[in-house]
Amino acid sequence: SDLEKRHGDGCSRGGRDGDNGDRITDQAVPLSNWHGGEGYFIHEVGTPDRYYAGAGIDGYTLEGSLSLGPYMSAIAAVTSLAVNAITAMIVFKGLLILGLSNGKVYQWDGASLTVCYDTTKTSGIGGFCIFEGNLYVSTNDTDGVVYRWVYVNATTTWATNYTVGDLAGDSVTAVPALSAHILEGVPLAYYGASASIHALVGQGANTGGTTVAADALQMLEPKLGVLIQYDGHLIAVGNDTTNNLWRLYDGDDTSTIGWQVKAPIEGGYITCAAVFGDTLYLGDSTKGRIWSYDGNNIELVKQLGSDQQPYTASILGMVAWRGGLWISILHTDGTCALLRFDGNQSWSRPVYGLSGTSPGPLAVYNDKLYYATNTTSSARLYKTDDTYCAAGYVESAVIDGQLPGTGLQWDRVKVRHTALVSGQSVAVAYSLEHSGSWTTIGTSSTVGATTATFELPRDVTADLIQFRTTLTGVAAGSSSALKVYAVVATYRPIPGAKREWQLTVRLEGPSVVGAEESGGWPHSRHLTLLDGSDETRSGEEISDEIWAMVDANLPVLFLDKDRGEQRVVEIAAYSEEDAALPEIDANAVGWDFVGKLRLKEV
């Protein structure tokens with residue numbers, strides 16, 4: 001019969017058991033790669049290299065290992081100056097040139113610090129520019145003076161080169177930025193000036209005198225934020241610090257610069273910029289925002305903090321170094337730190353714990369990274385020296401074992417690392433339910449050890465867990481590498497007690513097969529519903545609907561008619577078999593099957 005062709009002996013569908021079961025064997029979560037960077041809340045099996053937070057760590061140099069980040073030591077000669085801030089840095093003639101908030105210009109040769117000029121402008125140095133082999137220096141003073149350091153055969157002289165004058169009734173308030181630019185093959189120097197109404201960009205001079213070029217750009221905003229070369233163009237940013245908005249101006253390389261003006265962006269203003277790869281990155285004064293510009297579009301690529309815990313410092317330093325974009329920031333503990341971006345999606349914090357209340361500018365000199373941190377009367381200049389910092393940590397994303405809502409009993413954690421030397425250690429702690437409270441379960445510190453296993457208390461059960469791995473080196477500035485290769489945690493799911501119902505489903509009703517032969521089934525069987533009406537669906541149709549729910553594997557609603565309660569359940573198992581009903585009426589036509597259904601509370 002057609003019924004036999006479809007269902008065979010009436011039990012073939014029983015083989016498609018919808019019982020998924022619970023995973024009750026031991027499971028393992030390996031954390032063995034930290035290349036994906038920070039900022040990810042949930043641990044995903046497909047992207048195990050991502051983590052929630054960390055600092056003082058290097059997960060980018062050697063993929064598949066975690067080591068301590070670079071050590072940065074303070075240059076004592078700079079600390080002893082007792083100055084408020086280092087406002088600008090540039091490399092010139094084999095020297096690192098420092099611009100200070102007291103208007104002085106210093107040079108650092110890698111061993112000694114020397115003052116090379118004093119502008120006497122207590123408003124501070126604004127910016128530097130190298131043009132025609134000479135160094136140009138601007139200040140944040142209202143006189144608009146730009147200074148030139150003429151360097152010929154190691155003989156140096158300083159002079160006032162030109163003064164940025166007022167334009168169209170505007171009063172110049174500062175010259176915070178300088179930049180070189182090439183127009184149709186001709187190198188030129190440009191200044192960026194803030195003014196009372198419209199910020200200005202104009203061509204500088206290589207001789208004395210007052211210069212405001214005819215092709216000067218008058219911005220819609222009063223403050224000049226950034227002036228920088230990018231992809232053969234001259235990029236200027238105008239800031240409105242009163243109304244918290246900024247706008248980008250893109251100048252081409254034609255003889256009379258053609259400017260493209262971008263739409264304003266509200267909520268902050270730009271304080272620094274750097275080119276990394278083929279992209280220009282811009283640092284914001286507000287909410288820790290970092291923007292990118294590719295020559296066409298401006299996009300927000302990172303925001304530090306959150307609306308509930310907003311980031312409070314301005315981003316004042318950016319530089320490309322050793323395959324990453326490095327950005328000066330304040331860490332969550334209030335110390336000065338460095339954020340690193342790989343240009344793709346990974347952000348990390350290789351350095352933290354430095355003194356200072358305001359992260360300042362960055363520079364690369366002799367392949368070493370220099371970082372200025374600023375505090376009233378106590379500005380510092382830090383530099384890397386290819387050694388390791390003293391300590392760092394990483395916090396995993398929240399782990400739910402891919403069983404959200406199911407308790408997990410955590411068993412042990414095994415850590416694998418390089419052979420420890422005296423003073424090195426690796427500690428592991430856990431936090432339940434993303435509470436922020438950490439409990440240390442063990443520390444590997446035995447000299448020569450490469451692994452350690454830590455047992456968790458038997459009562460450690462949770463839906464969510466995080467692990468914090470802390471690396472401690474020999475000392476700050478040590479050359480002994482410490483690397484962690486893997487942290488593996490094991491657990492057992494605990495489903496817990498849940499209500500279950502086992503039901504027999506009567507698959508009765510008129511058959512959808514053979515209507516012509518039966519002449520409309522005058523004696524077909526019907527189910528009677530709770531309200532006394534007849535079920536209109538056939539047994540086959542009811543069966544198909546149940547199997548569709550099994551296939552969908554989604555929660556369904558179940559009404560317990562005895563208790564009058566509606567519950568959310570899942571179909572744990574379903575099968576069908578011959579009902580073996582007594583033949584009361586030989587003319588009655590229907591489907592003599594029943595379903596065996598097991599429901600489990602979600």
# chains A, B, ... in the order shown; residues from 1 in each chain; ligands from 1

$ residues_around --residues "Gly144 of chain A" --least-positions-apart "3" --cutoff "8 Å" --atoms "only C-alpha atoms" --output "count of residues only"
12

$ residues_around --residues "Ser355 of chain A" --least-positions-apart "4" --cutoff "10 Å" --atoms "only C-alpha atoms" --output "ChimeraX atom specification"
/A:74,334-337,359,373-375,378-380,382

$ write_last_selection --atoms "N, CA, C and O atoms" --output "PDB file, in the first residue's frame"
ATOM      1  N   ALA A  74      63.064  54.991  31.911  1.00  0.00           N
ATOM      2  CA  ALA A  74      63.030  56.458  31.845  1.00  0.00           C
ATOM      3  C   ALA A  74      64.437  57.006  31.696  1.00  0.00           C
ATOM      4  O   ALA A  74      65.383  56.542  32.349  1.00  0.00           O
ATOM      5  N   GLY A 334      45.045  53.558  35.466  1.00  0.00           N
ATOM      6  CA  GLY A 334      45.471  54.947  35.570  1.00  0.00           C
ATOM      7  C   GLY A 334      46.912  55.202  35.210  1.00  0.00           C
ATOM      8  O   GLY A 334      47.362  56.353  35.228  1.00  0.00           O
ATOM      9  N   THR A 335      47.676  54.166  34.856  1.00  0.00           N
ATOM     10  CA  THR A 335      49.062  54.357  34.469  1.00  0.00           C
ATOM     11  C   THR A 335      49.166  54.579  32.961  1.00  0.00           C
ATOM     12  O   THR A 335      48.261  54.223  32.200  1.00  0.00           O
ATOM     13  N   CYS A 336      50.288  55.154  32.541  1.00  0.00           N
ATOM     14  CA  CYS A 336      50.511  55.347  31.112  1.00  0.00           C
ATOM     15  C   CYS A 336      50.865  54.016  30.465  1.00  0.00           C
ATOM     16  O   CYS A 336      51.606  53.204  31.034  1.00  0.00           O
ATOM     17  N   ALA A 337      50.325  53.788  29.275  1.00  0.00           N
ATOM     18  CA  ALA A 337      50.480  52.506  28.609  1.00  0.00           C
ATOM     19  C   ALA A 337      50.583  52.725  27.108  1.00  0.00           C
ATOM     20  O   ALA A 337      50.456  53.859  26.613  1.00  0.00           O
ATOM     21  N   PRO A 359      49.413  60.727  28.702  1.00  0.00           N
ATOM     22  CA  PRO A 359      50.253  60.100  27.677  1.00  0.00           C
ATOM     23  C   PRO A 359      50.564  61.087  26.565  1.00  0.00           C
ATOM     24  O   PRO A 359      49.664  61.759  26.046  1.00  0.00           O
ATOM     25  N   THR A 373      55.742  60.822  28.610  1.00  0.00           N
ATOM     26  CA  THR A 373      54.592  60.879  29.519  1.00  0.00           C
ATOM     27  C   THR A 373      54.699  62.164  30.323  1.00  0.00           C
ATOM     28  O   THR A 373      55.788  62.534  30.774  1.00  0.00           O
ATOM     29  N   ASN A 374      53.581  62.828  30.504  1.00  0.00           N
ATOM     30  CA  ASN A 374      53.611  64.187  31.048  1.00  0.00           C
ATOM     31  C   ASN A 374      52.872  64.304  32.366  1.00  0.00           C
ATOM     32  O   ASN A 374      51.798  63.728  32.552  1.00  0.00           O
ATOM     33  N   THR A 375      53.469  65.033  33.282  1.00  0.00           N
ATOM     34  CA  THR A 375      52.905  65.361  34.582  1.00  0.00           C
ATOM     35  C   THR A 375      53.500  66.689  35.005  1.00  0.00           C
ATOM     36  O   THR A 375      54.656  66.992  34.684  1.00  0.00           O
ATOM     37  N   SER A 378      57.093  67.057  36.085  1.00  0.00           N
ATOM     38  CA  SER A 378      57.704  65.726  36.131  1.00  0.00           C
ATOM     39  C   SER A 378      57.487  64.950  34.838  1.00  0.00           C
ATOM     40  O   SER A 378      57.151  63.767  34.863  1.00  0.00           O
ATOM     41  N   ALA A 379      57.707  65.603  33.689  1.00  0.00           N
ATOM     42  CA  ALA A 379      57.612  64.893  32.411  1.00  0.00           C
ATOM     43  C   ALA A 379      58.745  63.877  32.308  1.00  0.00           C
ATOM     44  O   ALA A 379      59.855  64.113  32.792  1.00  0.00           O
ATOM     45  N   ARG A 380      58.446  62.739  31.678  1.00  0.00           N
ATOM     46  CA  ARG A 380      59.449  61.696  31.512  1.00  0.00           C
ATOM     47  C   ARG A 380      59.507  61.257  30.048  1.00  0.00           C
ATOM     48  O   ARG A 380      58.521  61.370  29.315  1.00  0.00           O
ATOM     49  N   TYR A 382      60.541  57.788  28.070  1.00  0.00           N
ATOM     50  CA  TYR A 382      60.873  56.371  28.173  1.00  0.00           C
ATOM     51  C   TYR A 382      61.346  55.855  26.819  1.00  0.00           C
ATOM     52  O   TYR A 382      60.954  56.366  25.764  1.00  0.00           O
TER      53      TYR A 382
END

$ select_by_dssp --residues "segment 246-355 of chain A" --states "strand (DSSP E or B)" --output "ChimeraX atom specification"
/A:246-251,259-261,265-266,270-276,279-284,289-293,298-303,305,310,318-321,324-330,336-341,347-354

$ closest_residue --among "A:Val398, A:Cys389, A:Ala548, A:Leu408" --to "Thr472 of chain A" --atoms "only C-alpha atoms"
A:Cys389

$ select_by_dssp --residues "segment 29-169 of chain A" --states "helix (DSSP H, G or I)" --output "list in words"
Ala76, Ala77, Val78 and Thr79 of chain A

$ residues_around --residues "segment 460-471 of chain A" --least-positions-apart "4" --cutoff "8 Å" --atoms "only C-alpha atoms" --output "PyMOL selection string"
chain A and resi 67-68+391-400+404-410+424-434+438+456+482

$ atom_distance --atom1 "atom CA of Tyr60 of chain A" --atom2 "atom CA of Gly356 of chain A"
26.3 Å

$ atom_distance --atom1 "atom CA of Gly323 of chain A" --atom2 "atom CA of Arg416 of chain A"
27.4 Å

$ residues_around --residues "Thr160 of chain A" --least-positions-apart "5" --cutoff "8 Å" --atoms "only C-alpha atoms" --output "list in words"
Val145, Val146, Tyr147, Arg148 and Gly208 of chain A

$ write_last_selection --atoms "N, CA and C atoms" --output "short mmCIF file (atom, residue, chain, number, x, y, z; two decimals), in the first residue's frame"
data_model
loop_
_atom_site.label_atom_id
_atom_site.label_comp_id
_atom_site.auth_asym_id
_atom_site.auth_seq_id
_atom_site.Cartn_x
_atom_site.Cartn_y
_atom_site.Cartn_z
N VAL A 145 55.49 83.09 15.16
CA VAL A 145 56.86 82.97 14.68
C VAL A 145 57.23 81.50 14.45
N VAL A 146 57.91 81.27 13.31
CA VAL A 146 58.45 79.96 12.99
C VAL A 146 59.97 80.09 12.94
N TYR A 147 60.67 79.23 13.68
CA TYR A 147 62.13 79.29 13.80
C TYR A 147 62.77 78.27 12.87
N ARG A 148 64.02 78.60 12.45
CA ARG A 148 64.75 77.71 11.55
C ARG A 148 66.12 77.40 12.15
N GLY A 208 63.84 84.85 5.40
CA GLY A 208 63.12 85.63 6.41
C GLY A 208 61.92 86.35 5.83
#

$ residues_around --residues "His233 of chain A" --least-positions-apart "2" --cutoff "8 Å" --atoms "only C-alpha atoms" --output "list in words"
His181, Gln229, Tyr230, Asp231, Ile235, Asp250, Gly251, Asp252 and Asp253 of chain A

$ write_last_selection --atoms "N, CA and C atoms" --output "PDB file, in the first residue's frame"
ATOM      1  N   HIS A 181      55.656  69.151   1.810  1.00  0.00           N
ATOM      2  CA  HIS A 181      54.721  68.659   0.800  1.00  0.00           C
ATOM      3  C   HIS A 181      55.342  68.887  -0.559  1.00  0.00           C
ATOM      4  N   GLN A 229      51.586  64.675   5.831  1.00  0.00           N
ATOM      5  CA  GLN A 229      51.600  64.104   4.493  1.00  0.00           C
ATOM      6  C   GLN A 229      50.997  62.705   4.517  1.00  0.00           C
ATOM      7  N   TYR A 230      50.220  62.402   3.476  1.00  0.00           N
ATOM      8  CA  TYR A 230      49.642  61.065   3.352  1.00  0.00           C
ATOM      9  C   TYR A 230      49.377  60.757   1.882  1.00  0.00           C
ATOM     10  N   ASP A 231      50.060  59.738   1.371  1.00  0.00           N
ATOM     11  CA  ASP A 231      49.832  59.238   0.021  1.00  0.00           C
ATOM     12  C   ASP A 231      49.936  60.355  -1.021  1.00  0.00           C
ATOM     13  N   ILE A 235      47.293  66.519   4.333  1.00  0.00           N
ATOM     14  CA  ILE A 235      46.068  66.373   5.113  1.00  0.00           C
ATOM     15  C   ILE A 235      46.090  67.371   6.262  1.00  0.00           C
ATOM     16  N   ASP A 250      41.594  67.432   2.562  1.00  0.00           N
ATOM     17  CA  ASP A 250      42.541  66.641   1.780  1.00  0.00           C
ATOM     18  C   ASP A 250      43.039  67.486   0.610  1.00  0.00           C
ATOM     19  N   GLY A 251      44.331  67.872   0.647  1.00  0.00           N
ATOM     20  CA  GLY A 251      44.913  68.707  -0.397  1.00  0.00           C
ATOM     21  C   GLY A 251      45.749  67.890  -1.366  1.00  0.00           C
ATOM     22  N   ASP A 252      45.549  68.069  -2.667  1.00  0.00           N
ATOM     23  CA  ASP A 252      46.282  67.276  -3.661  1.00  0.00           C
ATOM     24  C   ASP A 252      47.660  67.882  -3.930  1.00  0.00           C
ATOM     25  N   ASP A 253      48.329  67.415  -5.008  1.00  0.00           N
ATOM     26  CA  ASP A 253      49.694  67.859  -5.301  1.00  0.00           C
ATOM     27  C   ASP A 253      49.768  68.741  -6.532  1.00  0.00           C
TER      28      ASP A 253
END

$ residues_around --residues "Ile265 of chain A" --least-positions-apart "6" --cutoff "12 Å" --atoms "only C-alpha atoms" --output "ChimeraX atom specification"
/A:221,237-240,243-248,284,289,291,298-300

$ closest_atom_pairs --of "segment 414-521 of chain A" --to "segment 594-602 of chain A" --cutoff "9 Å" --atoms "only C-alpha atoms" --output "CSV"
residue,atom,partner,partner_atom,distance
A:Lys498,CA,A:Glu601,CA,5.8
A:Arg499,CA,A:Glu601,CA,5.4
A:Glu500,CA,A:Lys600,CA,4.5
A:Trp501,CA,A:Leu599,CA,5.1
A:Gln502,CA,A:Arg598,CA,4.5
A:Leu503,CA,A:Leu597,CA,5.1
A:Thr504,CA,A:Lys596,CA,4.9
A:Val505,CA,A:Gly595,CA,4.7
A:Arg506,CA,A:Val594,CA,4.8
A:Leu507,CA,A:Val594,CA,5.1
A:Glu508,CA,A:Val594,CA,7.9

$ decode --residues "segment 125-160 of chain A" --atoms "N, CA, C and O atoms" --output "PDB file, in the first residue's frame"
ATOM      1  N   ILE A 125      56.403  74.306  22.522  1.00  0.00           N
ATOM      2  CA  ILE A 125      56.693  74.006  21.126  1.00  0.00           C
ATOM      3  C   ILE A 125      55.471  73.356  20.485  1.00  0.00           C
ATOM      4  O   ILE A 125      54.853  72.450  21.058  1.00  0.00           O
ATOM      5  N   GLY A 126      55.135  73.815  19.262  1.00  0.00           N
ATOM      6  CA  GLY A 126      53.972  73.277  18.562  1.00  0.00           C
ATOM      7  C   GLY A 126      54.308  72.095  17.684  1.00  0.00           C
ATOM      8  O   GLY A 126      53.723  71.024  17.814  1.00  0.00           O
ATOM      9  N   GLY A 127      55.259  72.287  16.757  1.00  0.00           N
ATOM     10  CA  GLY A 127      55.577  71.213  15.835  1.00  0.00           C
ATOM     11  C   GLY A 127      56.933  71.394  15.195  1.00  0.00           C
ATOM     12  O   GLY A 127      57.567  72.444  15.300  1.00  0.00           O
ATOM     13  N   PHE A 128      57.389  70.319  14.503  1.00  0.00           N
ATOM     14  CA  PHE A 128      58.661  70.312  13.793  1.00  0.00           C
ATOM     15  C   PHE A 128      58.422  69.950  12.333  1.00  0.00           C
ATOM     16  O   PHE A 128      57.454  69.273  11.982  1.00  0.00           O
ATOM     17  N   CYS A 129      59.383  70.382  11.488  1.00  0.00           N
ATOM     18  CA  CYS A 129      59.354  70.015  10.078  1.00  0.00           C
ATOM     19  C   CYS A 129      60.780  70.089   9.537  1.00  0.00           C
ATOM     20  O   CYS A 129      61.507  71.042   9.838  1.00  0.00           O
ATOM     21  N   ILE A 130      61.165  69.116   8.735  1.00  0.00           N
ATOM     22  CA  ILE A 130      62.474  69.122   8.074  1.00  0.00           C
ATOM     23  C   ILE A 130      62.262  69.519   6.617  1.00  0.00           C
ATOM     24  O   ILE A 130      61.472  68.892   5.898  1.00  0.00           O
ATOM     25  N   PHE A 131      62.982  70.571   6.190  1.00  0.00           N
ATOM     26  CA  PHE A 131      62.828  71.088   4.831  1.00  0.00           C
ATOM     27  C   PHE A 131      64.158  71.677   4.384  1.00  0.00           C
ATOM     28  O   PHE A 131      64.773  72.460   5.104  1.00  0.00           O
ATOM     29  N   GLU A 132      64.590  71.252   3.173  1.00  0.00           N
ATOM     30  CA  GLU A 132      65.862  71.716   2.613  1.00  0.00           C
ATOM     31  C   GLU A 132      67.027  71.461   3.573  1.00  0.00           C
ATOM     32  O   GLU A 132      67.960  72.253   3.671  1.00  0.00           O
ATOM     33  N   GLY A 133      66.953  70.322   4.313  1.00  0.00           N
ATOM     34  CA  GLY A 133      68.031  69.953   5.209  1.00  0.00           C
ATOM     35  C   GLY A 133      68.092  70.739   6.487  1.00  0.00           C
ATOM     36  O   GLY A 133      69.039  70.591   7.264  1.00  0.00           O
ATOM     37  N   ASN A 134      67.099  71.566   6.730  1.00  0.00           N
ATOM     38  CA  ASN A 134      67.055  72.371   7.950  1.00  0.00           C
ATOM     39  C   ASN A 134      65.829  71.986   8.779  1.00  0.00           C
ATOM     40  O   ASN A 134      64.867  71.399   8.273  1.00  0.00           O
ATOM     41  N   LEU A 135      65.875  72.332  10.044  1.00  0.00           N
ATOM     42  CA  LEU A 135      64.770  72.025  10.954  1.00  0.00           C
ATOM     43  C   LEU A 135      63.962  73.280  11.227  1.00  0.00           C
ATOM     44  O   LEU A 135      64.537  74.329  11.594  1.00  0.00           O
ATOM     45  N   TYR A 136      62.660  73.200  11.043  1.00  0.00           N
ATOM     46  CA  TYR A 136      61.754  74.310  11.320  1.00  0.00           C
ATOM     47  C   TYR A 136      60.955  73.996  12.583  1.00  0.00           C
ATOM     48  O   TYR A 136      60.509  72.865  12.781  1.00  0.00           O
ATOM     49  N   VAL A 137      60.777  75.002  13.410  1.00  0.00           N
ATOM     50  CA  VAL A 137      60.144  74.830  14.716  1.00  0.00           C
ATOM     51  C   VAL A 137      59.064  75.880  14.889  1.00  0.00           C
ATOM     52  O   VAL A 137      59.320  77.082  14.704  1.00  0.00           O
ATOM     53  N   SER A 138      57.862  75.444  15.251  1.00  0.00           N
ATOM     54  CA  SER A 138      56.783  76.391  15.534  1.00  0.00           C
ATOM     55  C   SER A 138      56.412  76.306  17.007  1.00  0.00           C
ATOM     56  O   SER A 138      56.761  75.350  17.693  1.00  0.00           O
ATOM     57  N   THR A 139      55.702  77.318  17.487  1.00  0.00           N
ATOM     58  CA  THR A 139      55.270  77.342  18.880  1.00  0.00           C
ATOM     59  C   THR A 139      53.777  77.598  18.958  1.00  0.00           C
ATOM     60  O   THR A 139      53.123  77.911  17.960  1.00  0.00           O
ATOM     61  N   ASN A 140      53.255  77.460  20.161  1.00  0.00           N
ATOM     62  CA  ASN A 140      51.839  77.741  20.396  1.00  0.00           C
ATOM     63  C   ASN A 140      51.616  79.171  20.848  1.00  0.00           C
ATOM     64  O   ASN A 140      50.568  79.493  21.417  1.00  0.00           O
ATOM     65  N   ASP A 141      52.583  80.048  20.573  1.00  0.00           N
ATOM     66  CA  ASP A 141      52.470  81.456  20.932  1.00  0.00           C
ATOM     67  C   ASP A 141      51.640  82.207  19.895  1.00  0.00           C
ATOM     68  O   ASP A 141      51.561  81.814  18.725  1.00  0.00           O
ATOM     69  N   THR A 142      51.061  83.322  20.318  1.00  0.00           N
ATOM     70  CA  THR A 142      50.199  84.101  19.422  1.00  0.00           C
ATOM     71  C   THR A 142      50.982  84.944  18.416  1.00  0.00           C
ATOM     72  O   THR A 142      50.372  85.505  17.499  1.00  0.00           O
ATOM     73  N   ASP A 143      52.341  85.023  18.563  1.00  0.00           N
ATOM     74  CA  ASP A 143      53.093  85.860  17.619  1.00  0.00           C
ATOM     75  C   ASP A 143      53.301  85.178  16.274  1.00  0.00           C
ATOM     76  O   ASP A 143      53.738  85.808  15.309  1.00  0.00           O
ATOM     77  N   GLY A 144      52.999  83.879  16.153  1.00  0.00           N
ATOM     78  CA  GLY A 144      53.072  83.191  14.873  1.00  0.00           C
ATOM     79  C   GLY A 144      54.467  82.989  14.323  1.00  0.00           C
ATOM     80  O   GLY A 144      54.637  82.694  13.137  1.00  0.00           O
ATOM     81  N   VAL A 145      55.488  83.085  15.155  1.00  0.00           N
ATOM     82  CA  VAL A 145      56.863  82.966  14.685  1.00  0.00           C
ATOM     83  C   VAL A 145      57.235  81.504  14.448  1.00  0.00           C
ATOM     84  O   VAL A 145      56.924  80.634  15.259  1.00  0.00           O
ATOM     85  N   VAL A 146      57.905  81.268  13.305  1.00  0.00           N
ATOM     86  CA  VAL A 146      58.453  79.956  12.989  1.00  0.00           C
ATOM     87  C   VAL A 146      59.971  80.087  12.940  1.00  0.00           C
ATOM     88  O   VAL A 146      60.513  80.962  12.251  1.00  0.00           O
ATOM     89  N   TYR A 147      60.672  79.229  13.683  1.00  0.00           N
ATOM     90  CA  TYR A 147      62.127  79.287  13.802  1.00  0.00           C
ATOM     91  C   TYR A 147      62.774  78.270  12.868  1.00  0.00           C
ATOM     92  O   TYR A 147      62.200  77.217  12.584  1.00  0.00           O
ATOM     93  N   ARG A 148      64.020  78.596  12.445  1.00  0.00           N
ATOM     94  CA  ARG A 148      64.750  77.707  11.553  1.00  0.00           C
ATOM     95  C   ARG A 148      66.119  77.404  12.145  1.00  0.00           C
ATOM     96  O   ARG A 148      66.856  78.305  12.563  1.00  0.00           O
ATOM     97  N   TRP A 149      66.431  76.103  12.173  1.00  0.00           N
ATOM     98  CA  TRP A 149      67.748  75.663  12.615  1.00  0.00           C
ATOM     99  C   TRP A 149      68.535  75.289  11.358  1.00  0.00           C
ATOM    100  O   TRP A 149      68.289  74.267  10.738  1.00  0.00           O
ATOM    101  N   VAL A 150      69.471  76.105  10.969  1.00  0.00           N
ATOM    102  CA  VAL A 150      70.280  75.888   9.768  1.00  0.00           C
ATOM    103  C   VAL A 150      71.452  74.997  10.143  1.00  0.00           C
ATOM    104  O   VAL A 150      72.251  75.343  11.015  1.00  0.00           O
ATOM    105  N   TYR A 151      71.539  73.852   9.506  1.00  0.00           N
ATOM    106  CA  TYR A 151      72.544  72.852   9.849  1.00  0.00           C
ATOM    107  C   TYR A 151      73.409  72.610   8.616  1.00  0.00           C
ATOM    108  O   TYR A 151      72.995  71.962   7.665  1.00  0.00           O
ATOM    109  N   VAL A 152      74.621  73.146   8.605  1.00  0.00           N
ATOM    110  CA  VAL A 152      75.530  73.030   7.472  1.00  0.00           C
ATOM    111  C   VAL A 152      76.883  72.547   7.981  1.00  0.00           C
ATOM    112  O   VAL A 152      77.536  73.239   8.775  1.00  0.00           O
ATOM    113  N   ASN A 153      77.291  71.367   7.509  1.00  0.00           N
ATOM    114  CA  ASN A 153      78.588  70.796   7.895  1.00  0.00           C
ATOM    115  C   ASN A 153      78.782  70.816   9.407  1.00  0.00           C
ATOM    116  O   ASN A 153      79.823  71.233   9.925  1.00  0.00           O
ATOM    117  N   ALA A 154      77.769  70.387  10.124  1.00  0.00           N
ATOM    118  CA  ALA A 154      77.787  70.281  11.583  1.00  0.00           C
ATOM    119  C   ALA A 154      77.858  71.636  12.279  1.00  0.00           C
ATOM    120  O   ALA A 154      78.002  71.710  13.494  1.00  0.00           O
ATOM    121  N   THR A 155      77.775  72.722  11.508  1.00  0.00           N
ATOM    122  CA  THR A 155      77.704  74.057  12.108  1.00  0.00           C
ATOM    123  C   THR A 155      76.252  74.501  12.106  1.00  0.00           C
ATOM    124  O   THR A 155      75.589  74.475  11.058  1.00  0.00           O
ATOM    125  N   THR A 156      75.776  74.886  13.267  1.00  0.00           N
ATOM    126  CA  THR A 156      74.354  75.210  13.366  1.00  0.00           C
ATOM    127  C   THR A 156      74.139  76.649  13.791  1.00  0.00           C
ATOM    128  O   THR A 156      74.882  77.200  14.604  1.00  0.00           O
ATOM    129  N   THR A 157      73.110  77.239  13.221  1.00  0.00           N
ATOM    130  CA  THR A 157      72.665  78.570  13.646  1.00  0.00           C
ATOM    131  C   THR A 157      71.152  78.562  13.724  1.00  0.00           C
ATOM    132  O   THR A 157      70.479  77.856  12.962  1.00  0.00           O
ATOM    133  N   TRP A 158      70.624  79.358  14.633  1.00  0.00           N
ATOM    134  CA  TRP A 158      69.180  79.488  14.785  1.00  0.00           C
ATOM    135  C   TRP A 158      68.756  80.882  14.374  1.00  0.00           C
ATOM    136  O   TRP A 158      69.453  81.855  14.612  1.00  0.00           O
ATOM    137  N   ALA A 159      67.579  80.958  13.754  1.00  0.00           N
ATOM    138  CA  ALA A 159      67.077  82.265  13.335  1.00  0.00           C
ATOM    139  C   ALA A 159      65.565  82.220  13.240  1.00  0.00           C
ATOM    140  O   ALA A 159      64.968  81.154  13.054  1.00  0.00           O
ATOM    141  N   THR A 160      64.934  83.391  13.355  1.00  0.00           N
ATOM    142  CA  THR A 160      63.518  83.505  13.050  1.00  0.00           C
ATOM    143  C   THR A 160      63.384  83.463  11.543  1.00  0.00           C
ATOM    144  O   THR A 160      63.990  84.257  10.828  1.00  0.00           O
TER     145      THR A 160
END
